[in-house]
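Colleague: The file below is upload10.cif, mmCIF, C-alpha atoms:
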data_input
loop_
_atom_site.group_PDB
_atom_site.id
_atom_site.type_symbol
_atom_site.label_atom_id
_atom_site.label_comp_id
_atom_site.auth_asym_id
_atom_site.auth_seq_id
_atom_site.Cartn_x
_atom_site.Cartn_y
_atom_site.Cartn_z
ATOM 1 C CA ASP A 19 -8.277 -25.098 0.697
ATOM 2 C CA ASN A 20 -7.047 -21.578 0.018
ATOM 3 C CA GLU A 21 -8.626 -19.876 -2.992
ATOM 4 C CA LYS A 22 -6.962 -17.863 -5.756
ATOM 5 C CA ILE A 23 -9.271 -15.088 -6.994
ATOM 6 C CA PHE A 24 -8.396 -13.391 -10.284
ATOM 7 C CA ILE A 25 -8.291 -9.592 -9.878
ATOM 8 C CA GLY A 26 -5.939 -8.171 -12.546
ATOM 9 C CA ARG A 27 -2.196 -7.854 -13.099
ATOM 10 C CA GLY A 28 -0.043 -6.308 -10.385
ATOM 11 C CA PRO A 29 -2.466 -5.900 -7.423
ATOM 12 C CA GLU A 30 0.123 -4.270 -5.143
ATOM 13 C CA ASP A 31 -2.281 -2.758 -2.596
ATOM 14 C CA ILE A 32 -5.781 -3.555 -1.351
ATOM 15 C CA ASP A 33 -8.260 -1.832 0.963
ATOM 16 C CA LEU A 34 -11.745 -2.625 2.254
ATOM 17 C CA ASP A 35 -14.829 -0.700 1.152
ATOM 18 C CA THR A 36 -18.556 -1.123 1.791
ATOM 19 C CA GLN A 37 -20.947 -0.247 -1.031
ATOM 20 C CA ASP A 38 -24.738 -0.483 -0.474
ATOM 21 C CA GLY A 39 -24.107 -2.721 2.511
ATOM 22 C CA ILE A 40 -21.929 -5.122 0.516
ATOM 23 C CA GLN A 41 -18.277 -5.549 1.425
ATOM 24 C CA ARG A 42 -15.784 -5.322 -1.394
ATOM 25 C CA ILE A 43 -12.039 -5.147 -1.757
ATOM 26 C CA LEU A 44 -10.493 -2.385 -3.830
ATOM 27 C CA ALA A 45 -7.223 -3.313 -5.529
ATOM 28 C CA SER A 46 -4.591 -0.993 -6.977
ATOM 29 C CA CYS A 47 -3.458 -2.871 -10.094
ATOM 30 C CA ASN A 48 -0.496 -1.922 -12.278
ATOM 31 C CA GLU A 49 1.336 -4.302 -14.586
ATOM 32 C CA ARG A 50 5.100 -4.027 -13.981
ATOM 33 C CA ASN A 51 6.339 -6.525 -16.571
ATOM 34 C CA ASP A 52 6.785 -5.376 -20.173
ATOM 35 C CA LYS A 53 5.967 -8.819 -21.558
ATOM 36 C CA TYR A 54 2.321 -8.446 -20.471
ATOM 37 C CA PRO A 55 -0.270 -5.970 -21.800
ATOM 38 C CA VAL A 56 -0.550 -2.628 -20.022
ATOM 39 C CA PHE A 57 -3.045 -2.786 -17.157
ATOM 40 C CA SER A 58 -3.376 0.178 -14.785
ATOM 41 C CA GLU A 59 -6.713 0.195 -12.990
ATOM 42 C CA ILE A 60 -8.513 0.296 -9.668
ATOM 43 C CA VAL A 61 -10.554 -2.901 -9.419
ATOM 44 C CA ALA A 62 -13.387 -3.754 -7.004
ATOM 45 C CA LEU A 63 -14.018 -7.342 -5.885
ATOM 46 C CA ASN A 64 -17.463 -8.149 -4.454
ATOM 47 C CA LEU A 65 -16.751 -10.448 -1.493
ATOM 48 C CA SER A 66 -20.185 -12.070 -1.681
ATOM 49 C CA THR A 67 -20.018 -13.076 -5.342
ATOM 50 C CA ASN A 68 -16.321 -12.662 -6.323
ATOM 51 C CA GLU A 69 -17.599 -10.404 -9.126
ATOM 52 C CA ARG A 70 -14.837 -8.140 -10.420
ATOM 53 C CA THR A 71 -15.493 -4.577 -11.581
ATOM 54 C CA ILE A 72 -12.967 -2.135 -13.053
ATOM 55 C CA LEU A 73 -13.853 1.273 -11.627
ATOM 56 C CA THR A 74 -14.565 4.006 -14.178
ATOM 57 C CA ARG A 75 -12.367 7.099 -13.861
ATOM 58 C CA LYS A 76 -13.880 10.477 -14.779
ATOM 59 C CA SER A 77 -12.714 14.081 -15.243
ATOM 60 C CA GLU A 78 -9.006 13.285 -15.465
ATOM 61 C CA PRO A 79 -6.705 15.835 -17.133
ATOM 62 C CA SER A 80 -5.594 14.730 -20.602
ATOM 63 C CA PHE A 81 -1.896 14.694 -19.667
ATOM 64 C CA LEU A 82 -2.335 12.281 -16.773
ATOM 65 C CA LYS A 83 -0.553 8.933 -16.997
ATOM 66 C CA PHE A 84 -2.229 6.578 -14.526
ATOM 67 C CA ASN A 85 0.075 4.006 -12.911
ATOM 68 C CA PRO A 86 -1.215 3.390 -9.390
ATOM 69 C CA HIS A 87 0.851 1.958 -6.553
ATOM 70 C CA GLY A 88 -0.056 2.296 -2.874
ATOM 71 C CA PHE A 89 -3.470 3.809 -2.102
ATOM 72 C CA TYR A 90 -5.699 4.698 0.836
ATOM 73 C CA LEU A 91 -9.447 5.148 1.308
ATOM 74 C CA GLN A 92 -10.425 7.957 3.686
ATOM 75 C CA THR A 93 -13.629 9.897 4.395
ATOM 76 C CA VAL A 94 -13.076 13.646 3.942
ATOM 77 C CA GLU A 95 -15.965 16.040 4.659
ATOM 78 C CA GLY A 96 -18.438 13.169 4.502
ATOM 79 C CA LYS A 97 -17.253 11.839 1.130
ATOM 80 C CA LYS A 98 -15.070 8.854 0.271
ATOM 81 C CA ASN A 99 -11.716 9.967 -1.080
ATOM 82 C CA LEU A 100 -9.190 7.605 -2.620
ATOM 83 C CA PHE A 101 -5.571 8.798 -2.294
ATOM 84 C CA ILE A 102 -3.280 7.096 -4.837
ATOM 85 C CA VAL A 103 0.495 7.054 -5.314
ATOM 86 C CA ASN A 104 1.024 7.548 -9.053
ATOM 87 C CA HIS A 105 4.142 6.940 -11.166
ATOM 88 C CA TYR A 106 4.215 8.375 -14.684
ATOM 89 C CA LYS A 107 6.754 5.745 -15.812
ATOM 90 C CA ASP A 108 7.893 7.880 -18.753
ATOM 91 C CA ASP A 109 10.892 10.100 -19.506
ATOM 92 C CA SER A 110 9.547 12.779 -17.175
ATOM 93 C CA LYS A 111 9.833 10.398 -14.177
ATOM 94 C CA VAL A 112 7.077 12.408 -12.474
ATOM 95 C CA ASN A 113 5.646 11.027 -9.241
ATOM 96 C CA SER A 114 2.440 12.390 -7.775
ATOM 97 C CA ILE A 115 -0.408 11.776 -5.360
ATOM 98 C CA LEU A 116 -3.841 11.644 -6.969
ATOM 99 C CA VAL A 117 -7.122 12.150 -5.124
ATOM 100 C CA TYR A 118 -10.438 10.871 -6.459
ATOM 101 C CA GLU A 119 -13.925 10.920 -5.003
ATOM 102 C CA LEU A 120 -15.389 7.411 -4.885
ATOM 103 C CA ASN A 121 -19.067 6.925 -5.680
ATOM 104 C CA GLY A 122 -20.179 3.359 -6.363
ATOM 105 C CA ASN A 123 -18.132 2.133 -9.306
ATOM 106 C CA GLU A 124 -16.975 5.616 -10.333
ATOM 107 C CA LEU A 125 -13.847 7.532 -9.411
ATOM 108 C CA THR A 126 -14.082 11.270 -10.101
ATOM 109 C CA PHE A 127 -10.728 13.046 -10.318
ATOM 110 C CA LYS A 128 -10.328 15.837 -7.751
ATOM 111 C CA LYS A 129 -6.677 16.846 -7.607
ATOM 112 C CA GLU A 130 -3.111 15.907 -8.422
ATOM 113 C CA TYR A 131 -0.418 16.842 -5.923
ATOM 114 C CA ARG A 132 3.196 17.204 -7.029
ATOM 115 C CA SER A 133 6.237 18.062 -4.947
ATOM 116 C CA GLU A 134 10.006 17.865 -5.280
ATOM 117 C CA LEU A 135 9.818 15.747 -2.115
ATOM 118 C CA MET A 136 8.033 12.959 -4.039
ATOM 119 C CA ILE A 137 11.292 11.195 -4.802
ATOM 120 C CA SER A 138 10.319 7.535 -4.610
ATOM 121 C CA PRO A 139 6.772 7.413 -3.177
ATOM 122 C CA ASN A 140 5.545 3.986 -2.177
ATOM 123 C CA GLU A 141 2.512 4.249 0.123
ATOM 124 C CA VAL A 142 0.106 7.052 1.017
ATOM 125 C CA CYS A 143 -2.175 7.601 4.004
ATOM 126 C CA GLY A 144 -5.037 10.087 3.649
ATOM 127 C CA LEU A 145 -6.302 12.039 6.651
ATOM 128 C CA PRO A 146 -9.833 13.251 7.501
ATOM 129 C CA ASN A 147 -8.645 16.872 7.054
ATOM 130 C CA GLY A 148 -7.749 16.212 3.402
ATOM 131 C CA GLY A 149 -4.002 16.155 4.030
ATOM 132 C CA PHE A 150 -1.897 13.032 3.679
ATOM 133 C CA TYR A 151 1.380 11.321 4.483
ATOM 134 C CA PHE A 152 3.468 9.320 2.042
ATOM 135 C CA THR A 153 6.621 7.240 2.282
ATOM 136 C CA ASN A 154 9.672 7.648 0.071
ATOM 137 C CA ASP A 155 11.130 4.154 0.213
ATOM 138 C CA MET A 156 14.488 5.475 -1.068
ATOM 139 C CA GLY A 157 16.412 8.733 -1.339
ATOM 140 C CA SER A 158 16.660 8.523 -5.148
ATOM 141 C CA ASP A 159 15.287 6.401 -7.995
ATOM 142 C CA ASP A 160 18.528 4.419 -8.338
ATOM 143 C CA LEU A 161 17.721 1.103 -6.639
ATOM 144 C CA ILE A 162 21.226 -0.380 -6.782
ATOM 145 C CA GLN A 163 22.913 2.738 -5.441
ATOM 146 C CA GLU A 164 20.375 3.077 -2.635
ATOM 147 C CA GLN A 165 20.641 -0.548 -1.543
ATOM 148 C CA LEU A 166 24.442 -0.438 -1.482
ATOM 149 C CA LEU A 167 25.331 3.111 -0.465
ATOM 150 C CA ASN A 168 22.302 4.775 1.085
ATOM 151 C CA LYS A 169 20.374 2.209 3.113
ATOM 152 C CA TYR A 170 18.848 4.939 5.304
ATOM 153 C CA GLY A 171 17.728 7.204 2.450
ATOM 154 C CA GLY A 172 13.993 6.769 3.058
ATOM 155 C CA SER A 173 11.611 9.342 4.522
ATOM 156 C CA VAL A 174 8.038 10.226 5.452
ATOM 157 C CA VAL A 175 6.489 13.426 4.069
ATOM 158 C CA TYR A 176 3.365 15.271 5.197
ATOM 159 C CA CYS A 177 1.321 17.360 2.749
ATOM 160 C CA ASP A 178 -1.625 19.503 3.790
ATOM 161 C CA ALA A 179 -4.802 19.688 1.700
ATOM 162 C CA VAL A 180 -3.449 22.730 -0.167
ATOM 163 C CA GLY A 181 -0.295 20.869 -1.168
ATOM 164 C CA ASN A 182 2.347 22.297 1.178
ATOM 165 C CA CYS A 183 4.725 19.390 1.829
ATOM 166 C CA LYS A 184 7.500 18.833 4.371
ATOM 167 C CA TYR A 185 9.656 16.029 5.730
ATOM 168 C CA VAL A 186 8.402 14.702 9.060
ATOM 169 C CA GLU A 187 10.718 11.682 9.363
ATOM 170 C CA GLN A 188 14.019 10.838 7.665
ATOM 171 C CA LYS A 189 16.951 8.410 7.724
ATOM 172 C CA LEU A 190 14.734 5.350 7.398
ATOM 173 C CA ALA A 191 15.660 2.016 5.771
ATOM 174 C CA PHE A 192 12.985 1.465 3.110
ATOM 175 C CA PRO A 193 9.883 2.839 4.850
ATOM 176 C CA ASN A 194 6.778 1.260 3.419
ATOM 177 C CA GLY A 195 3.227 0.837 4.752
ATOM 178 C CA LEU A 196 1.236 3.568 6.520
ATOM 179 C CA GLU A 197 -1.928 3.523 8.631
ATOM 180 C CA TYR A 198 -3.871 6.089 10.670
ATOM 181 C CA LYS A 199 -6.107 5.905 13.725
ATOM 182 C CA ASN A 200 -7.047 8.189 16.622
ATOM 183 C CA ASN A 201 -4.621 10.918 15.553
ATOM 184 C CA GLN A 202 -1.731 8.472 15.413
ATOM 185 C CA LEU A 203 0.354 7.396 12.431
ATOM 186 C CA PHE A 204 1.764 3.878 12.053
ATOM 187 C CA LEU A 205 4.758 3.191 9.794
ATOM 188 C CA ALA A 206 6.022 -0.198 8.615
ATOM 189 C CA THR A 207 9.608 -0.434 7.385
ATOM 190 C CA THR A 208 11.165 -3.118 5.211
ATOM 191 C CA ARG A 209 14.788 -2.876 6.375
ATOM 192 C CA ASN A 210 14.617 -1.170 9.798
ATOM 193 C CA SER A 211 13.175 -4.306 11.460
ATOM 194 C CA ALA A 212 10.576 -1.963 12.918
ATOM 195 C CA LEU A 213 6.957 -0.901 13.008
ATOM 196 C CA TYR A 214 6.742 2.628 14.428
ATOM 197 C CA GLN A 215 3.909 4.524 16.087
ATOM 198 C CA TYR A 216 3.756 8.333 16.241
ATOM 199 C CA ASP A 217 1.452 10.979 17.657
ATOM 200 C CA ILE A 218 0.371 13.580 15.100
ATOM 201 C CA LEU A 219 0.688 17.283 15.930
ATOM 202 C CA ALA A 220 -1.625 19.999 14.612
ATOM 203 C CA ASP A 221 0.807 20.963 11.826
ATOM 204 C CA GLY A 222 1.255 17.353 10.678
ATOM 205 C CA SER A 223 4.592 16.892 12.423
ATOM 206 C CA LEU A 224 5.204 13.624 14.273
ATOM 207 C CA THR A 225 6.190 13.120 17.899
ATOM 208 C CA ASN A 226 6.499 10.378 20.556
ATOM 209 C CA LYS A 227 8.082 7.835 18.193
ATOM 210 C CA THR A 228 7.642 4.309 19.572
ATOM 211 C CA LYS A 229 8.853 1.010 18.143
ATOM 212 C CA ILE A 230 6.044 -1.525 18.548
ATOM 213 C CA SER A 231 7.379 -4.476 16.510
ATOM 214 C CA ILE A 232 10.767 -5.745 15.327
ATOM 215 C CA ILE A 233 9.624 -7.896 12.390
ATOM 216 C CA ASN A 234 11.895 -7.417 9.379
ATOM 217 C CA GLY A 235 10.749 -7.087 5.757
ATOM 218 C CA MET A 236 7.359 -5.447 6.363
ATOM 219 C CA ASP A 237 5.330 -4.140 3.412
ATOM 220 C CA ASN A 238 1.821 -2.643 3.642
ATOM 221 C CA ILE A 239 -0.279 -2.513 6.818
ATOM 222 C CA ARG A 240 -4.051 -2.524 7.312
ATOM 223 C CA TRP A 241 -6.319 -2.370 10.351
ATOM 224 C CA SER A 242 -8.332 -5.380 11.427
ATOM 225 C CA ASN A 243 -10.334 -4.232 14.443
ATOM 226 C CA ASP A 244 -7.689 -3.071 16.935
ATOM 227 C CA LYS A 245 -4.803 -4.971 15.364
ATOM 228 C CA LEU A 246 -2.617 -4.253 12.363
ATOM 229 C CA THR A 247 -2.246 -6.893 9.675
ATOM 230 C CA VAL A 248 1.029 -6.782 7.759
ATOM 231 C CA SER A 249 2.502 -8.606 4.779
ATOM 232 C CA VAL A 250 6.170 -9.480 5.122
ATOM 233 C CA HIS A 251 8.997 -10.292 2.690
ATOM 234 C CA PRO A 252 11.225 -12.472 4.931
ATOM 235 C CA ASP A 253 13.801 -12.979 2.168
ATOM 236 C CA GLU A 254 14.653 -9.660 0.507
ATOM 237 C CA ILE A 255 17.057 -11.225 -1.994
ATOM 238 C CA ALA A 256 14.385 -13.667 -3.140
ATOM 239 C CA PHE A 257 11.954 -10.756 -3.565
ATOM 240 C CA VAL A 258 14.433 -8.845 -5.751
ATOM 241 C CA LYS A 259 14.984 -11.974 -7.856
ATOM 242 C CA HIS A 260 11.212 -12.431 -8.120
ATOM 243 C CA SER A 261 10.864 -8.849 -9.364
ATOM 244 C CA THR A 262 13.043 -9.677 -12.375
ATOM 245 C CA ASN A 263 11.798 -13.244 -12.918
ATOM 246 C CA GLU A 264 8.304 -14.102 -11.722
ATOM 247 C CA LYS A 265 9.102 -17.824 -11.913
ATOM 248 C CA THR A 266 11.444 -17.482 -8.935
ATOM 249 C CA PHE A 267 9.550 -17.662 -5.657
ATOM 250 C CA SER A 268 9.543 -14.974 -2.982
ATOM 251 C CA PRO A 269 8.224 -16.182 0.409
ATOM 252 C CA SER A 270 5.042 -14.501 1.669
ATOM 253 C CA TRP A 271 4.274 -14.207 5.379
ATOM 254 C CA SER A 272 1.465 -12.342 7.128
ATOM 255 C CA TYR A 273 1.297 -11.223 10.756
ATOM 256 C CA SER A 274 -1.272 -9.702 13.054
ATOM 257 C CA ILE A 275 0.270 -7.128 15.414
ATOM 258 C CA ASP A 276 -1.429 -6.102 18.660
ATOM 259 C CA ILE A 277 -0.238 -2.539 19.189
ATOM 260 C CA ARG A 278 -1.430 -2.389 22.817
ATOM 261 C CA ASN A 279 0.792 -5.151 24.156
ATOM 262 C CA GLN A 280 3.278 -5.094 21.245
ATOM 263 C CA THR A 281 2.864 -8.787 20.412
ATOM 264 C CA SER A 282 2.541 -10.442 17.023
ATOM 265 C CA GLU A 283 0.898 -13.589 15.673
ATOM 266 C CA LEU A 284 1.860 -15.360 12.453
ATOM 267 C CA LEU A 285 -1.304 -15.736 10.337
ATOM 268 C CA TYR A 286 0.123 -17.156 7.120
ATOM 269 C CA LYS A 287 3.468 -18.516 5.940
ATOM 270 C CA ASN A 288 4.346 -19.805 2.474
ATOM 271 C CA GLY A 289 7.553 -20.210 0.496
ATOM 272 C CA GLY A 290 6.076 -18.381 -2.479
ATOM 273 C CA GLN A 291 4.604 -21.365 -4.330
ATOM 274 C CA GLU A 292 1.023 -20.375 -3.384
ATOM 275 C CA ILE A 293 1.496 -16.612 -3.591
ATOM 276 C CA SER A 294 4.805 -14.902 -4.262
ATOM 277 C CA GLY A 295 5.837 -11.456 -3.048
ATOM 278 C CA GLY A 296 2.709 -10.873 -0.937
ATOM 279 C CA SER A 297 2.347 -7.122 -0.384
ATOM 280 C CA THR A 298 -0.867 -6.414 1.574
ATOM 281 C CA SER A 299 -2.883 -8.598 3.946
ATOM 282 C CA LEU A 300 -6.475 -7.799 4.809
ATOM 283 C CA GLU A 301 -8.505 -9.713 7.405
ATOM 284 C CA VAL A 302 -12.254 -9.844 6.680
ATOM 285 C CA ASN A 303 -14.869 -12.089 8.337
ATOM 286 C CA GLY A 304 -12.474 -14.843 9.330
ATOM 287 C CA TYR A 305 -10.563 -14.830 6.038
ATOM 288 C CA LEU A 306 -7.214 -13.334 5.117
ATOM 289 C CA TYR A 307 -6.944 -11.759 1.658
ATOM 290 C CA ILE A 308 -3.381 -11.352 0.378
ATOM 291 C CA SER A 309 -2.328 -9.244 -2.612
ATOM 292 C CA GLN A 310 0.953 -9.359 -4.524
ATOM 293 C CA VAL A 311 3.257 -6.955 -6.342
ATOM 294 C CA PHE A 312 3.252 -9.057 -9.497
ATOM 295 C CA GLY A 313 0.886 -11.888 -10.503
ATOM 296 C CA ASP A 314 -2.836 -11.440 -11.179
ATOM 297 C CA TYR A 315 -4.799 -12.828 -8.216
ATOM 298 C CA LEU A 316 -5.607 -12.375 -4.540
ATOM 299 C CA LEU A 317 -5.217 -15.340 -2.203
ATOM 300 C CA LYS A 318 -8.126 -16.023 0.165
ATOM 301 C CA VAL A 319 -7.030 -17.912 3.290
ATOM 302 C CA LYS A 320 -9.399 -19.339 5.922
ATOM 303 C CA LEU A 321 -8.081 -18.326 9.325
ATOM 304 C CA GLU A 322 -8.195 -20.741 12.235
ATOM 305 C CA GLU A 323 -10.893 -20.014 14.811
#
Can the structure in the file be given as structure tokens, please?

Modeller:
Amino acid sequence: DNEKIFIGRGPEDIDLDTQDGIQRILASCNERNDKYPVFSEIVALNLSTNERTILTRKSEPSFLKFNPHGFYLQTVEGKKNLFIVNHYKDDSKVNSILVYELNGNELTFKKEYRSELMISPNEVCGLPNGGFYFTNDMGSDDLIQEQLLNKYGGSVVYCDAVGNCKYVEQKLAFPNGLEYKNNQLFLATTRNSALYQYDILADGSLTNKTKISIINGMDNIRWSNDKLTVSVHPDEIAFVKHSTNEKTFSPSWSYSIDIRNQTSELLYKNGGQEISGGSTSLEVNGYLYISQVFGDYLLKVKLEE
């Protein structure tokens, strides 16, 4: 049977970390429903014991409002850095990218990046040089207007380690998940019916755009060996309804995509009763861990041999 593991409200994104030889999943948790208590934390789940630890954050500026969304773990100059999309969720409507150094169960604040290009940031992808990419899923913060009048308002932005930012891809329909490997960037889109692969140039610009999958409704992507694992919202209308009423189900599917031969394999499919609005899928040791935009648990699925 599949197992539901409590992690904390709103675990939109997950990533794999190894601490003292023990594998753990980091979860970016942020409660998005006003009827529940505020919960905005990075949580670690020990995969051997299912022990849950809220990571301690240190050295943050007093003005910082921490509301994490997509995040990415990357080694920069020999140290683990966690890049986090942050939404202030107040009258200022500030969006930023935060960088912390990860040591054990502590996150030490390093830097906050702000830019007028951070319009509607969704996912971030940190690079070994300290720079990063992020997706703007829309061209403004008006969801209704974007869905109806500006379907291709999304973009990808590159920022160097200093904080100089520029558009590197535009006119995308709800760009979402990002991944990096071997100087290539991979981009999942929700409404383009496409997973794209790019080569990265020295200045962060992208070239040699290739479509390697035509699955629609893709959310976040994560590496599992040489394949990408992706969570999919096959019914966008159901997902929007779920976002306003968690009792309505949003189907959750997960695929494994082989980028070399551009084939895909369905790993998990559910109408939303078991997990609704699945947002990130992570394959670890023969199990699939699925996070969700709302809710409070990860789903652990035993994969067939």

Colleague: Any idea what's packed within 10 Å of A:Thr247, counting all atoms listed in the file, ignoring anything in its chain fewer than 5 positions away? Could you give it as a PDB file with C-alpha atoms, in the frame of the given file?

Modeller:
ATOM      1  CA  ASN A 238       1.821  -2.643   3.642  1.00  0.00           C
ATOM      2  CA  ILE A 239      -0.279  -2.513   6.818  1.00  0.00           C
ATOM      3  CA  ARG A 240      -4.051  -2.524   7.312  1.00  0.00           C
ATOM      4  CA  TRP A 241      -6.319  -2.370  10.351  1.00  0.00           C
ATOM      5  CA  SER A 242      -8.332  -5.380  11.427  1.00  0.00           C
ATOM      6  CA  SER A 272       1.465 -12.342   7.128  1.00  0.00           C
ATOM      7  CA  TYR A 273       1.297 -11.223  10.756  1.00  0.00           C
ATOM      8  CA  SER A 274      -1.272  -9.702  13.054  1.00  0.00           C
ATOM      9  CA  ILE A 275       0.270  -7.128  15.414  1.00  0.00           C
ATOM     10  CA  ASP A 276      -1.429  -6.102  18.660  1.00  0.00           C
ATOM     11  CA  SER A 282       2.541 -10.442  17.023  1.00  0.00           C
ATOM     12  CA  GLU A 283       0.898 -13.589  15.673  1.00  0.00           C
ATOM     13  CA  LEU A 284       1.860 -15.360  12.453  1.00  0.00           C
ATOM     14  CA  LEU A 285      -1.304 -15.736  10.337  1.00  0.00           C
ATOM     15  CA  THR A 298      -0.867  -6.414   1.574  1.00  0.00           C
ATOM     16  CA  SER A 299      -2.883  -8.598   3.946  1.00  0.00           C
ATOM     17  CA  LEU A 300      -6.475  -7.799   4.809  1.00  0.00           C
ATOM     18  CA  GLU A 301      -8.505  -9.713   7.405  1.00  0.00           C
ATOM     19  CA  LEU A 306      -7.214 -13.334   5.117  1.00  0.00           C
TER      20      LEU A 306
END

Colleague: In terms of the shortest atom-to-atom distance over all atoms listed in the file, which of A:Leu321, A:Tyr307, A:Phe312, A:Asp108 is closest to A:Phe267?

Modeller: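 Among A:Leu321, A:Tyr307, A:Phe312, A:Asp108, it is A:Phe312 that comes nearest to A:Phe267.
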
Colleague: Could you pull the residues within 8 Å of A:Lys287, counting all atoms listed in the file, minus those fewer than 6 positions along the same chain, as a list in words?

Modeller: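 Within the cut-off, the hits are Pro269, Ser270, Trp271 and Ser272 of chain A.
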
Colleague: Select, from A:Lys245, A:Leu116, A:Gln188, A:Gly122, the residue with the minimum atom-to-atom distance to A:Asn279, counting only C-alpha atoms.

Modeller: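 Under the stated criterion, the closest residue is A:Lys245.
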
Colleague: Give me, as a short mmCIF file (atom, residue, chain, number, x, y, z; two decimals) with C-alpha atoms, keeping the file's coordinate frame, all polymer residues having an atom no more than 9 Å from stretch 66-82 of chain A, counting all atoms listed in the file and skipping those fewer than 5 positions away in the same chain.

Modeller:
data_model
loop_
_atom_site.label_atom_id
_atom_site.label_comp_id
_atom_site.auth_asym_id
_atom_site.auth_seq_id
_atom_site.Cartn_x
_atom_site.Cartn_y
_atom_site.Cartn_z
CA ILE A 23 -9.27 -15.09 -6.99
CA PHE A 24 -8.40 -13.39 -10.28
CA ILE A 25 -8.29 -9.59 -9.88
CA ILE A 40 -21.93 -5.12 0.52
CA GLN A 41 -18.28 -5.55 1.42
CA ARG A 42 -15.78 -5.32 -1.39
CA GLU A 59 -6.71 0.20 -12.99
CA ILE A 60 -8.51 0.30 -9.67
CA VAL A 61 -10.55 -2.90 -9.42
CA TYR A 106 4.22 8.38 -14.68
CA TYR A 118 -10.44 10.87 -6.46
CA GLY A 122 -20.18 3.36 -6.36
CA ASN A 123 -18.13 2.13 -9.31
CA GLU A 124 -16.98 5.62 -10.33
CA LEU A 125 -13.85 7.53 -9.41
CA THR A 126 -14.08 11.27 -10.10
CA PHE A 127 -10.73 13.05 -10.32
CA LYS A 128 -10.33 15.84 -7.75
CA LYS A 129 -6.68 16.85 -7.61
#

Colleague: Expand the PyMOL selection byres ((chain A and resi 96) around 12) into the individual residues it matches in the shown file, reporting them as an mmCIF file with C-alpha atoms, in the coordinates of the input.

Modeller:
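In the end it all went to out_33.cif:
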data_model
loop_
_atom_site.group_PDB
_atom_site.id
_atom_site.type_symbol
_atom_site.label_atom_id
_atom_site.label_comp_id
_atom_site.auth_asym_id
_atom_site.auth_seq_id
_atom_site.Cartn_x
_atom_site.Cartn_y
_atom_site.Cartn_z
ATOM 1 C CA GLN A 92 -10.425 7.957 3.686
ATOM 2 C CA THR A 93 -13.629 9.897 4.395
ATOM 3 C CA VAL A 94 -13.076 13.646 3.942
ATOM 4 C CA GLU A 95 -15.965 16.040 4.659
ATOM 5 C CA LYS A 97 -17.253 11.839 1.130
ATOM 6 C CA LYS A 98 -15.070 8.854 0.271
ATOM 7 C CA ASN A 99 -11.716 9.967 -1.080
ATOM 8 C CA GLU A 119 -13.925 10.920 -5.003
ATOM 9 C CA LEU A 120 -15.389 7.411 -4.885
ATOM 10 C CA ASN A 121 -19.067 6.925 -5.680
ATOM 11 C CA PRO A 146 -9.833 13.251 7.501
ATOM 12 C CA ASN A 147 -8.645 16.872 7.054
ATOM 13 C CA GLY A 148 -7.749 16.212 3.402
#

Colleague: Taking only C-alpha atoms into account, name the residue in A:Ser231, A:Asn243, A:Asn210, A:Asn201 that is nearest to A:Gly304.

Modeller: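 Nearest to A:Gly304: A:Asn243.
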
Colleague: On this structure, which residues satisfy the PyMOL selection byres ((chain A and resi 20) around 7), written as a list in words?

Modeller: Asp19, Glu21, Lys22, Leu317, Lys318, Val319 and Lys320 of chain A

Colleague: Keeping only C-alpha atoms, take the residues you just selected and write them out as an mmCIF file, in the frame of the given file.

Modeller:
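Output file part_39.cif follows:
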data_model
loop_
_atom_site.group_PDB
_atom_site.id
_atom_site.type_symbol
_atom_site.label_atom_id
_atom_site.label_comp_id
_atom_site.auth_asym_id
_atom_site.auth_seq_id
_atom_site.Cartn_x
_atom_site.Cartn_y
_atom_site.Cartn_z
ATOM 1 C CA ASP A 19 -8.277 -25.098 0.697
ATOM 2 C CA GLU A 21 -8.626 -19.876 -2.992
ATOM 3 C CA LYS A 22 -6.962 -17.863 -5.756
ATOM 4 C CA LEU A 317 -5.217 -15.340 -2.203
ATOM 5 C CA LYS A 318 -8.126 -16.023 0.165
ATOM 6 C CA VAL A 319 -7.030 -17.912 3.290
ATOM 7 C CA LYS A 320 -9.399 -19.339 5.922
#

Colleague: Let me make sure I understand: among A:His87, A:Val103, A:Val302, A:Ala220, which one has the smallest atom-to-atom distance to A:Leu34 if we use only C-alpha atoms?

Modeller: A:Val302

Colleague: Scan for residues within 12 Å of the point (6.7, 3.0, 5.6) in the coordinates of the file, using only C-alpha atoms, and reply as a PyMOL selection string.

Modeller: chain A and resi 88+138-143+151-156+172-175+187-197+203-215+235-239+248

Colleague: Work out how far apart atom CA of A:Ile218 and atom CA of A:Ile308 are and give it in Å to one decimal.

Modeller: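 Computing the Euclidean distance for atom CA of A:Ile218 and atom CA of A:Ile308 yields 29.2 Å.
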
Colleague: Kindly list the centre and edge lengths in Å, rounded to one decimal, for the axis-aligned box that covers all listed atoms of stretch 135-139 of chain A plus 3 Å on each of its six sides, as JSON.

Modeller:
{"center_x": 9.0, "center_y": 11.6, "center_z": -3.5, "size_x": 10.5, "size_y": 14.3, "size_z": 8.7}

Colleague: Counting all atoms listed in the file, which residue out of A:Ser223, A:Asn104, A:Asn263, A:Gln310 sits closest to A:Asn85?

Modeller: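 Under the stated criterion, the closest residue is A:Asn104.
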
Colleague: Using all atoms listed in the file, what does the table of stretch 211-284 of chain A residues within 12 Å of stretch 44-56 of chain A look like, with each row giving the shortest atom pair and its distance in Å to one decimal, sorted by chain and ascending number, as JSON lines?

Modeller:
{"residue": "A:His260", "atom": "CA", "partner": "A:Asn51", "partner_atom": "CA", "distance": 11.4}
{"residue": "A:Ser261", "atom": "CA", "partner": "A:Arg50", "partner_atom": "CA", "distance": 8.8}
{"residue": "A:Thr262", "atom": "CA", "partner": "A:Asn51", "partner_atom": "CA", "distance": 8.5}
{"residue": "A:Asn263", "atom": "CA", "partner": "A:Asn51", "partner_atom": "CA", "distance": 9.4}
{"residue": "A:Glu264", "atom": "CA", "partner": "A:Asn51", "partner_atom": "CA", "distance": 9.2}
